[in-house]
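A.B. asks: Below you will find the structure I want to go over with you.
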Amino acid sequence: MNTGYLIISTDGGYNWTLKKFDLEASERFLKILVTENNIYIRGVQTLYKLDRNVKVVKSIKNSVFKPTLNKFVEGNPDEVVKPINNYFDDDIYLFNRKILLSSESFFDSGFVAVDTSLDNFELVNLVEYFPSFKGYEGFLKVMDFKDTKIFRINQNLYTTDSIFSKFNYFYKDTLFMNFDTSYEVYKKWLFYGFPDYYFTINDTLYIAKRRDSTKYDTIGPSKYIAYYQFNIYSVKKYLSNPKDTFVAQGNPFYDVYNGYFYTNGELVDPYLSTRINTPSLAVNDSFWVFTNRNKFLFITTDKGYNWRLISYLAGVPRVILNDTTFFFVLQDNEITEVNRTTDGGITFLPSKNFLEGYTNRIPITCFYTLPYFFIDSTGRGFLKGLNKHEKCNRIYQTYNFWETYHYTSDKFLSVGTYSPYKECSSSNIVRVGNFYFVAANCEPFSQNQPYYSRFIVLDTSLLNGREIILNWGLRILHLLPSNSGNNFICFALVQDTTNLTKELFEIRLTNDTGKTFLTLHRIVDSFGEILQFYQHNSDSVFFTTSFPDRLYLYDRINNQLKILWKL
């Protein structure tokens, strides 16, 4: 949408058309407001008015329309390591033939009110009515409630007249939920919910909140151990008789999932429910839909009595198991998160990190990097990373496709980290008979040193194993096994022995688990990176490269390497 496209359906979503609008270079669409007769689209500095045929009938532009610029760092490695992204607080509301907008240049004072005709606009100065008013990003929210509109201003709720001549406190009790009161009143106020979490559905006002669930184990007369378990999202609804109050609506949602949220590069909330605030859409009184970044989709169909996480995705592709099941891994300095799709990428789900019977949740926060990640068609898998400290010497295992997991002590995979070498990566992990095979590759600190690589062979208990040292200067990226544990086709980067900064890509055959190799194919063209491998079956491997951008297919039956596509 932000590039000037609208996706339109006129038959309930069965068919869609894409419409492109010509925008100025500095403009983009931010948010849509649909009224009874028209469609309004908020841009960066322009407000557009469209008819029901989705044609622009008028627009008005002014620098005061520019919304507040906010910042976030998204919870996946591509975003975490890049400069902070910018987005706009794109509020737009309809009130008595006025389109209300928050403004970057005016947010310390009030908001902008534009006539629905787009002929004129005015600045509504809230400081005149609230001397202690201090604006901030997202201060304004307008909600429909019965036959009136409720304004959330400075965290409190008010009603007003059509010309904004006065603002009346919404509640009968002017101390109830009043942010501008003593700390004791404020603490009671937080008991009900958070100010940013007000929302209305038809004739009901709700407020929501998040809170931590903590278990306390007594270990003495005045001593206890507190275990953080999970985060809880709950909703309350407003009742006015006999006095102002909020009562529980439905049941709380217990966030038992992995999920990490970043603000300005800092990990602040180690739970997924930071994505949940207020409904993005209410289909009716009972069906509430919550959306957010990271393909987040969360619903309740019965006013909060039952909750369902439909989708959440963070990370980059790690394993393509089959046509419908892919695994994504978020790996930052101390964070590991596994997300999976079982419907070909329509929806995604993270692992659960809290299970009944556990004292507390078990997030995977032990590893700086994650060279080892495995999953097979039975749902069994394991992962292991570079340890953050000695207590992190663990292997995490799953038996249900990473829906849940547990950990055991690592007996072998941590062996083999040598001081001249920094972080290690690995090939894919393959199972042959009762053993797992993986090629581990360690990069040197200096360009004057070769790669250090080895085969690691583990039995399926993950308790016993051995190392086979490979040729120096060899970095194996993908293994294609046969029915024998000695025979592999290896897709590898090979350093030039006369100039270690130069590399070639080779496909090699070994019949003795890496003691000797036969080169089958070599790509002599210079390229930027091997991007992704996909093993379609036991005899076909696809892989992509960048600079030049190409798609290759290796056919083992005919021992052929083909270029299927290139740019």
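In the structure tokens, chains take letters A, B, ... by order of appearance, with residues numbered from 1 within each chain and ligands from 1 in the order shown.
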If we count only C-alpha atoms and set the cut-off at 10 Å, which residues sit around Thr278 in chain A, ignoring sequence neighbours fewer than 4 positions away in its own chain? Please answer as number ranges by chain.
C.D. replies: A: 196-200, 206-209, 235, 288-291
A.B. asks: According to DSSP computed on the backbone, where in range 147-388 of chain A is there strand (DSSP E or B)? Give the residues as a PyMOL selection string.
C.D. replies: chain A and resi 148-153+156-160+167-169+198-201+204-220+223-239+245-255+257+261-263+266-269+281-282+288-292+296-300+308-311+316-320+326-331+336-341+349-350+352+364+367+372-375+381-384+387
A.B. asks: For range 381-393 of chain A, find every residue with an atom within 7 Å (counting only C-alpha atoms), except residues of its own chain fewer than 6 positions away, and show them as a list in words.
C.D. replies: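 What passes the distance filter is Cys366, Phe367, Tyr368, Thr369, Leu370, Pro371, Tyr372, Phe373, Phe374, Ile375, Tyr399, Ser409 and Asp410 of chain A.
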A.B. asks: I'd like the contact shell of range 326-341 of chain A - 7 Å cut-off, only C-alpha atoms, skipping same-chain residues fewer than 5 positions apart - returned as a ChimeraX atom specification.
C.D. replies: /A:76-77,258-259,313-321,347-351,364-370
A.B. asks: Put those residues in a file: C-alpha atoms, as a PDB file, in the first residue's frame.
C.D. replies:
ATOM      1  CA  ASN A  76      14.562 -10.786  13.016  1.00  0.00           C
ATOM      2  CA  PRO A  77      18.261 -10.786  12.204  1.00  0.00           C
ATOM      3  CA  ASN A 258       8.844 -18.193  21.985  1.00  0.00           C
ATOM      4  CA  GLY A 259       8.917 -14.654  20.706  1.00  0.00           C
ATOM      5  CA  LEU A 313       7.178 -15.310  11.816  1.00  0.00           C
ATOM      6  CA  ALA A 314      10.675 -14.178  12.689  1.00  0.00           C
ATOM      7  CA  GLY A 315      13.981 -15.280  11.253  1.00  0.00           C
ATOM      8  CA  VAL A 316      15.264 -16.548   7.935  1.00  0.00           C
ATOM      9  CA  PRO A 317      14.721 -19.896   6.155  1.00  0.00           C
ATOM     10  CA  ARG A 318      16.831 -22.686   7.620  1.00  0.00           C
ATOM     11  CA  VAL A 319      15.292 -25.982   6.471  1.00  0.00           C
ATOM     12  CA  ILE A 320      12.809 -26.825   3.712  1.00  0.00           C
ATOM     13  CA  LEU A 321      11.449 -30.185   4.809  1.00  0.00           C
ATOM     14  CA  THR A 347       0.744 -19.141   8.344  1.00  0.00           C
ATOM     15  CA  PHE A 348       3.631 -19.629  10.765  1.00  0.00           C
ATOM     16  CA  LEU A 349       3.882 -20.692  14.402  1.00  0.00           C
ATOM     17  CA  PRO A 350       6.725 -20.345  16.922  1.00  0.00           C
ATOM     18  CA  SER A 351       7.786 -23.029  19.366  1.00  0.00           C
ATOM     19  CA  ILE A 364      16.722 -20.698  23.987  1.00  0.00           C
ATOM     20  CA  THR A 365      19.004 -17.850  25.052  1.00  0.00           C
ATOM     21  CA  CYS A 366      22.291 -19.697  25.269  1.00  0.00           C
ATOM     22  CA  PHE A 367      23.973 -19.349  21.900  1.00  0.00           C
ATOM     23  CA  TYR A 368      25.853 -16.668  20.008  1.00  0.00           C
ATOM     24  CA  THR A 369      25.542 -18.516  16.712  1.00  0.00           C
ATOM     25  CA  LEU A 370      23.625 -21.612  15.639  1.00  0.00           C
TER      26      LEU A 370
END
A.B. asks: Near Ser286 in chain A, counting only C-alpha atoms, which residues have an atom at most 6 Å away, once you skip same-chain residues fewer than 5 positions from it, shown as a ChimeraX atom specification?
C.D. replies: /A:301-303
A.B. asks: Which polymer residues have any atom within 9 Å of an atom of Glu506 in chain A, counting only C-alpha atoms, with same-chain residues fewer than 3 positions away left out, as a list in words?
C.D. replies: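 The contact residues come out as Cys490, Phe491, Ala492, Leu493, Val494, Thr519, Leu520, His521, Arg522, Ile523 and Val524 of chain A.
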A.B. asks: If we count only C-alpha atoms, what is near Asp144 in chain A at a cut-off of 8 Å, once residues fewer than 5 positions away on the same chain are taken out, given as a PDB file with C-alpha atoms, in the first residue's frame?
C.D. replies:
ATOM      1  CA  LYS A 149     -17.307   9.473  20.175  1.00  0.00           C
ATOM      2  CA  ILE A 150     -14.779   8.977  22.943  1.00  0.00           C
ATOM      3  CA  THR A 200     -14.629  -0.205  21.749  1.00  0.00           C
ATOM      4  CA  ILE A 201     -16.743  -2.750  19.908  1.00  0.00           C
ATOM      5  CA  ASN A 202     -20.271  -1.610  19.162  1.00  0.00           C
TER       6      ASN A 202
END
A.B. asks: Mind giving me the straight-line distance from CA of Phe253 in chain A to CA of Gln229 in chain A in Å, one decimal?
C.D. replies: 13.1 Å
A.B. asks: Would you mind telling me which residue in A:Thr174, A:Thr159, A:Thr510, A:Ser538 lies nearest to Phe488 in chain A when using only C-alpha atoms?
C.D. replies: A:Thr510
A.B. asks: From the list A:Lys49, A:Lys502, A:Arg28, A:Arg431, which residue is nearest Pro450 in chain A when using only C-alpha atoms?
C.D. replies: A:Lys502
A.B. asks: Using backbone DSSP assignments, extract all helix (DSSP H, G or I) residues from range 36-236 of chain A; output them as a VMD selection string.
C.D. replies: chain A and resid 63 to 65 77 to 80 126 to 128 183 to 192 195 to 197
A.B. asks: So, counting only C-alpha atoms, which residue among A:Glu503, A:Asp459, A:Glu36, A:Asp539 is closest to Leu561 in chain A?
C.D. replies: A:Asp539
A.B. asks: Counting only C-alpha atoms, which residue out of A:Leu309, A:Leu205, A:Leu355, A:Leu477 sits closest to Thr245 in chain A?
C.D. replies: A:Leu205
